[in-house]
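Written out below as structure tokens is the structure these notes cover.
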Amino acid sequence: LMYNPGVFGPFMEYWVTSKLEMGFTPREQELIILRMGFHYNCNYVWKHHYPLAKEYGASDAELEAVTKRPLPQVFSERETALLMLTDEMVDHRTIRDESWARYGGQLKKAELVDLVTIVSQYVFFSLLNNSIQIEIEEPLKEIPGL
């Protein structure tokens, strides 16, 4: 993105601002991001966000669970809803009515938009990193990968 400064600046401003304004806790955001890294087999995303998830309280069991299908029952009801709705968007490119009915009640309306936003951001970021094969920085190579 830095090769195209006209895109990079506005993109980074949107990216950072939107994450700061979302209705999710940092822990919730990191769990969603790790789930996206898992779905897209993106070690770049995984290795950058794994330590952040730990910093925000994710246990080793929870970090392992993020990489499992079906999702193990180690998360709160709200976190489970966020991760299951994330799965819906990846698997079906939408959220089906039955999933909205089952999990949507865990979120405020603005948070539903936030979830679509963060999932969309990490579809882009995972595909970008995988496609142009961004090298993982040396200090992050020691972090467990996918």
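The way I read the labels, and the way they are meant: chains A, B, ... in the order of the structure tokens, residue 1 as the first residue of every chain, and ligand 1 as the first ligand shown, with later ones counted on from there.
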
| query | Excluding same-chain residues fewer than 4 positions from Ser18 (chain A), what lies within 9 Å of it counting only C-alpha atoms, as a list in words? | reply |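 Counting only C-alpha atoms, the residues come to Glu13, Tyr14, Met22, Asp114, Thr117 and Ile118 of chain A.
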
Keeping only all heavy atoms, write those residues as a PDB file, in the first residue's frame.
ATOM      1  N   GLU A  13      -6.058   5.896   7.642  1.00  0.00           N
ATOM      2  CA  GLU A  13      -6.908   6.740   8.483  1.00  0.00           C
ATOM      3  C   GLU A  13      -8.243   6.045   8.747  1.00  0.00           C
ATOM      4  O   GLU A  13      -8.715   5.991   9.883  1.00  0.00           O
ATOM      5  CB  GLU A  13      -7.138   8.091   7.808  1.00  0.00           C
ATOM      6  CG  GLU A  13      -7.947   9.046   8.657  1.00  0.00           C
ATOM      7  CD  GLU A  13      -8.106  10.408   8.007  1.00  0.00           C
ATOM      8  OE1 GLU A  13      -7.212  10.832   7.256  1.00  0.00           O
ATOM      9  OE2 GLU A  13      -9.152  11.033   8.259  1.00  0.00           O
ATOM     10  N   TYR A  14      -8.844   5.504   7.703  1.00  0.00           N
ATOM     11  CA  TYR A  14     -10.104   4.772   7.864  1.00  0.00           C
ATOM     12  C   TYR A  14      -9.900   3.558   8.761  1.00  0.00           C
ATOM     13  O   TYR A  14     -10.677   3.303   9.679  1.00  0.00           O
ATOM     14  CB  TYR A  14     -10.632   4.345   6.496  1.00  0.00           C
ATOM     15  CG  TYR A  14     -11.597   3.194   6.567  1.00  0.00           C
ATOM     16  CD1 TYR A  14     -12.888   3.372   7.064  1.00  0.00           C
ATOM     17  CD2 TYR A  14     -11.226   1.910   6.167  1.00  0.00           C
ATOM     18  CE1 TYR A  14     -13.768   2.311   7.154  1.00  0.00           C
ATOM     19  CE2 TYR A  14     -12.107   0.844   6.257  1.00  0.00           C
ATOM     20  CZ  TYR A  14     -13.366   1.054   6.750  1.00  0.00           C
ATOM     21  OH  TYR A  14     -14.225   0.002   6.844  1.00  0.00           O
ATOM     22  N   MET A  22     -15.257   1.297  17.034  1.00  0.00           N
ATOM     23  CA  MET A  22     -16.147   0.135  17.096  1.00  0.00           C
ATOM     24  C   MET A  22     -16.618  -0.107  18.528  1.00  0.00           C
ATOM     25  O   MET A  22     -15.938   0.247  19.485  1.00  0.00           O
ATOM     26  CB  MET A  22     -15.439  -1.113  16.575  1.00  0.00           C
ATOM     27  CG  MET A  22     -15.273  -1.089  15.096  1.00  0.00           C
ATOM     28  SD  MET A  22     -14.540  -2.616  14.492  1.00  0.00           S
ATOM     29  CE  MET A  22     -14.495  -2.235  12.753  1.00  0.00           C
ATOM     30  N   ASP A 114     -20.479  -2.850  12.796  1.00  0.00           N
ATOM     31  CA  ASP A 114     -19.058  -2.944  13.143  1.00  0.00           C
ATOM     32  C   ASP A 114     -18.493  -4.324  12.806  1.00  0.00           C
ATOM     33  O   ASP A 114     -17.374  -4.437  12.303  1.00  0.00           O
ATOM     34  CB  ASP A 114     -18.840  -2.672  14.633  1.00  0.00           C
ATOM     35  CG  ASP A 114     -19.104  -1.230  15.036  1.00  0.00           C
ATOM     36  OD1 ASP A 114     -19.161  -0.353  14.151  1.00  0.00           O
ATOM     37  OD2 ASP A 114     -19.262  -0.990  16.250  1.00  0.00           O
ATOM     38  N   THR A 117     -17.962  -4.646   9.204  1.00  0.00           N
ATOM     39  CA  THR A 117     -16.823  -3.800   8.849  1.00  0.00           C
ATOM     40  C   THR A 117     -15.500  -4.489   9.156  1.00  0.00           C
ATOM     41  O   THR A 117     -14.611  -4.563   8.302  1.00  0.00           O
ATOM     42  CB  THR A 117     -16.910  -2.453   9.588  1.00  0.00           C
ATOM     43  OG1 THR A 117     -18.117  -1.796   9.208  1.00  0.00           O
ATOM     44  CG2 THR A 117     -15.726  -1.565   9.274  1.00  0.00           C
ATOM     45  N   ILE A 118     -15.339  -5.011  10.360  1.00  0.00           N
ATOM     46  CA  ILE A 118     -14.053  -5.607  10.724  1.00  0.00           C
ATOM     47  C   ILE A 118     -13.798  -6.896   9.945  1.00  0.00           C
ATOM     48  O   ILE A 118     -12.676  -7.155   9.514  1.00  0.00           O
ATOM     49  CB  ILE A 118     -13.921  -5.809  12.257  1.00  0.00           C
ATOM     50  CG1 ILE A 118     -12.444  -6.059  12.621  1.00  0.00           C
ATOM     51  CG2 ILE A 118     -14.817  -6.907  12.766  1.00  0.00           C
ATOM     52  CD1 ILE A 118     -12.166  -5.976  14.106  1.00  0.00           C
TER      53      ILE A 118
END

| message | When DSSP is applied to the backbone of this structure, which of region 28-146 of chain A are assigned alpha helix (DSSP H)? Write them out as a VMD selection string. | response | chain A and resid 28 to 39 43 to 55 60 to 65 77 to 92 97 to 103 109 to 131

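When the distance limit is 7 Å and only C-alpha atoms are what count, the residues near region 45-50 of chain A, minus those fewer than 2 positions from it on the same chain, are Glu30, Leu34, Gly37, Cys42, Asn43, Leu52, Ala53, Lys54, Ser126, Leu140, Ile143 and Gly145 of chain A.
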
Write the selection just made, keeping N, CA, C and O atoms, as a PDB file, in the first residue's frame?
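In the end it all went to out33.pdb:
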ATOM      1  N   GLU A  30      -9.691  -8.626  18.726  1.00  0.00           N
ATOM      2  CA  GLU A  30      -8.577  -9.534  18.449  1.00  0.00           C
ATOM      3  C   GLU A  30      -9.061 -10.953  18.179  1.00  0.00           C
ATOM      4  O   GLU A  30      -8.516 -11.645  17.313  1.00  0.00           O
ATOM      5  N   LEU A  34      -8.278 -12.833  14.734  1.00  0.00           N
ATOM      6  CA  LEU A  34      -7.612 -14.133  14.689  1.00  0.00           C
ATOM      7  C   LEU A  34      -8.469 -15.158  13.954  1.00  0.00           C
ATOM      8  O   LEU A  34      -7.938 -15.997  13.208  1.00  0.00           O
ATOM      9  N   GLY A  37      -7.844 -14.528  10.412  1.00  0.00           N
ATOM     10  CA  GLY A  37      -6.538 -15.067  10.046  1.00  0.00           C
ATOM     11  C   GLY A  37      -6.610 -16.564   9.834  1.00  0.00           C
ATOM     12  O   GLY A  37      -6.046 -17.107   8.877  1.00  0.00           O
ATOM     13  N   CYS A  42      -3.880 -16.934   7.058  1.00  0.00           N
ATOM     14  CA  CYS A  42      -2.975 -15.798   6.929  1.00  0.00           C
ATOM     15  C   CYS A  42      -2.099 -15.693   8.179  1.00  0.00           C
ATOM     16  O   CYS A  42      -2.507 -15.130   9.199  1.00  0.00           O
ATOM     17  N   ASN A  43      -0.893 -16.241   8.080  1.00  0.00           N
ATOM     18  CA  ASN A  43       0.041 -16.187   9.196  1.00  0.00           C
ATOM     19  C   ASN A  43       0.453 -14.763   9.537  1.00  0.00           C
ATOM     20  O   ASN A  43       0.756 -14.468  10.685  1.00  0.00           O
ATOM     21  N   LEU A  52      -1.354  -9.672  20.768  1.00  0.00           N
ATOM     22  CA  LEU A  52      -2.342  -8.694  21.233  1.00  0.00           C
ATOM     23  C   LEU A  52      -3.498  -9.394  21.933  1.00  0.00           C
ATOM     24  O   LEU A  52      -3.976  -8.940  22.979  1.00  0.00           O
ATOM     25  N   ALA A  53      -3.964 -10.500  21.372  1.00  0.00           N
ATOM     26  CA  ALA A  53      -5.043 -11.256  22.006  1.00  0.00           C
ATOM     27  C   ALA A  53      -4.619 -11.735  23.392  1.00  0.00           C
ATOM     28  O   ALA A  53      -5.398 -11.657  24.352  1.00  0.00           O
ATOM     29  N   LYS A  54      -3.391 -12.209  23.507  1.00  0.00           N
ATOM     30  CA  LYS A  54      -2.876 -12.631  24.825  1.00  0.00           C
ATOM     31  C   LYS A  54      -2.829 -11.443  25.781  1.00  0.00           C
ATOM     32  O   LYS A  54      -3.202 -11.570  26.950  1.00  0.00           O
ATOM     33  N   SER A 126      -6.130  -9.997   4.811  1.00  0.00           N
ATOM     34  CA  SER A 126      -5.627 -11.368   4.678  1.00  0.00           C
ATOM     35  C   SER A 126      -5.306 -11.681   3.224  1.00  0.00           C
ATOM     36  O   SER A 126      -4.245 -12.243   2.925  1.00  0.00           O
ATOM     37  N   LEU A 140       8.516 -11.494  14.976  1.00  0.00           N
ATOM     38  CA  LEU A 140       7.239 -12.214  14.997  1.00  0.00           C
ATOM     39  C   LEU A 140       7.368 -13.658  14.528  1.00  0.00           C
ATOM     40  O   LEU A 140       6.439 -14.443  14.702  1.00  0.00           O
ATOM     41  N   ILE A 143       6.560 -16.412  17.084  1.00  0.00           N
ATOM     42  CA  ILE A 143       5.178 -16.589  17.545  1.00  0.00           C
ATOM     43  C   ILE A 143       4.581 -17.807  16.856  1.00  0.00           C
ATOM     44  O   ILE A 143       4.774 -17.998  15.653  1.00  0.00           O
ATOM     45  N   GLY A 145       2.485 -20.143  14.695  1.00  0.00           N
ATOM     46  CA  GLY A 145       1.697 -19.853  13.505  1.00  0.00           C
ATOM     47  C   GLY A 145       0.487 -20.754  13.403  1.00  0.00           C
ATOM     48  O   GLY A 145       0.209 -21.564  14.270  1.00  0.00           O
TER      49      GLY A 145
END

| message | Show me, as a list of chain:residue names, the residues that have an atom within 12 Å of Glu77 (chain A) when counting only C-alpha atoms, minus same-chain residues fewer than 5 positions from it. | response |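 The filter keeps A:Glu28, A:Pro72, A:Leu82, A:Leu83, A:Met84, A:Arg102, A:Tyr103, A:Gly104, A:Gly105, A:Gln106, A:Leu107.
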
Store the residues of this selection in a file with N, CA and C atoms, as an mmCIF file, in the first residue's frame.
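Final file, out_8.cif:
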data_model
loop_
_atom_site.group_PDB
_atom_site.id
_atom_site.type_symbol
_atom_site.label_atom_id
_atom_site.label_comp_id
_atom_site.auth_asym_id
_atom_site.auth_seq_id
_atom_site.Cartn_x
_atom_site.Cartn_y
_atom_site.Cartn_z
ATOM 1 N N GLU A 28 -12.364 -8.592 22.085
ATOM 2 C CA GLU A 28 -13.323 -9.067 21.079
ATOM 3 C C GLU A 28 -12.788 -8.832 19.670
ATOM 4 N N PRO A 72 -15.125 -24.567 19.661
ATOM 5 C CA PRO A 72 -15.311 -25.126 21.016
ATOM 6 C C PRO A 72 -16.007 -24.125 21.941
ATOM 7 N N LEU A 82 -20.096 -13.402 18.237
ATOM 8 C CA LEU A 82 -19.227 -12.671 17.314
ATOM 9 C C LEU A 82 -18.477 -13.623 16.385
ATOM 10 N N LEU A 83 -17.943 -14.692 16.934
ATOM 11 C CA LEU A 83 -17.170 -15.634 16.129
ATOM 12 C C LEU A 83 -18.057 -16.451 15.196
ATOM 13 N N MET A 84 -19.236 -16.817 15.645
ATOM 14 C CA MET A 84 -20.150 -17.579 14.780
ATOM 15 C C MET A 84 -20.687 -16.706 13.644
ATOM 16 N N ARG A 102 -30.370 -16.419 15.958
ATOM 17 C CA ARG A 102 -29.687 -17.109 17.063
ATOM 18 C C ARG A 102 -28.679 -16.210 17.774
ATOM 19 N N TYR A 103 -27.907 -15.412 17.020
ATOM 20 C CA TYR A 103 -26.791 -14.673 17.600
ATOM 21 C C TYR A 103 -26.948 -13.159 17.591
ATOM 22 N N GLY A 104 -27.787 -12.632 16.729
ATOM 23 C CA GLY A 104 -27.888 -11.186 16.563
ATOM 24 C C GLY A 104 -28.306 -10.453 17.819
ATOM 25 N N GLY A 105 -29.063 -11.096 18.675
ATOM 26 C CA GLY A 105 -29.528 -10.465 19.906
ATOM 27 C C GLY A 105 -28.407 -10.134 20.881
ATOM 28 N N GLN A 106 -27.234 -10.694 20.667
ATOM 29 C CA GLN A 106 -26.086 -10.418 21.534
ATOM 30 C C GLN A 106 -25.441 -9.055 21.233
ATOM 31 N N LEU A 107 -25.834 -8.469 20.098
ATOM 32 C CA LEU A 107 -25.167 -7.251 19.645
ATOM 33 C C LEU A 107 -26.159 -6.112 19.457
#

| said: Could you tell me how far CA of Glu111 (chain A) sits from CA of Leu71 (chain A), in Å to one decimal place? | reply: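 Separation of CA of Leu71 (chain A) and CA of Glu111 (chain A): 21.1 Å.
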
| remark: re CA of Ile32 (chain A) and CA of Met2 (chain A): distance 25.6 Å

| query | Which one of A:Asn130, A:Asn41, A:Thr25, A:Ser99 sits closest to Gly57 (chain A) if you count only C-alpha atoms? | reply |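 Smallest distance to Gly57 (chain A) is found for A:Thr25.
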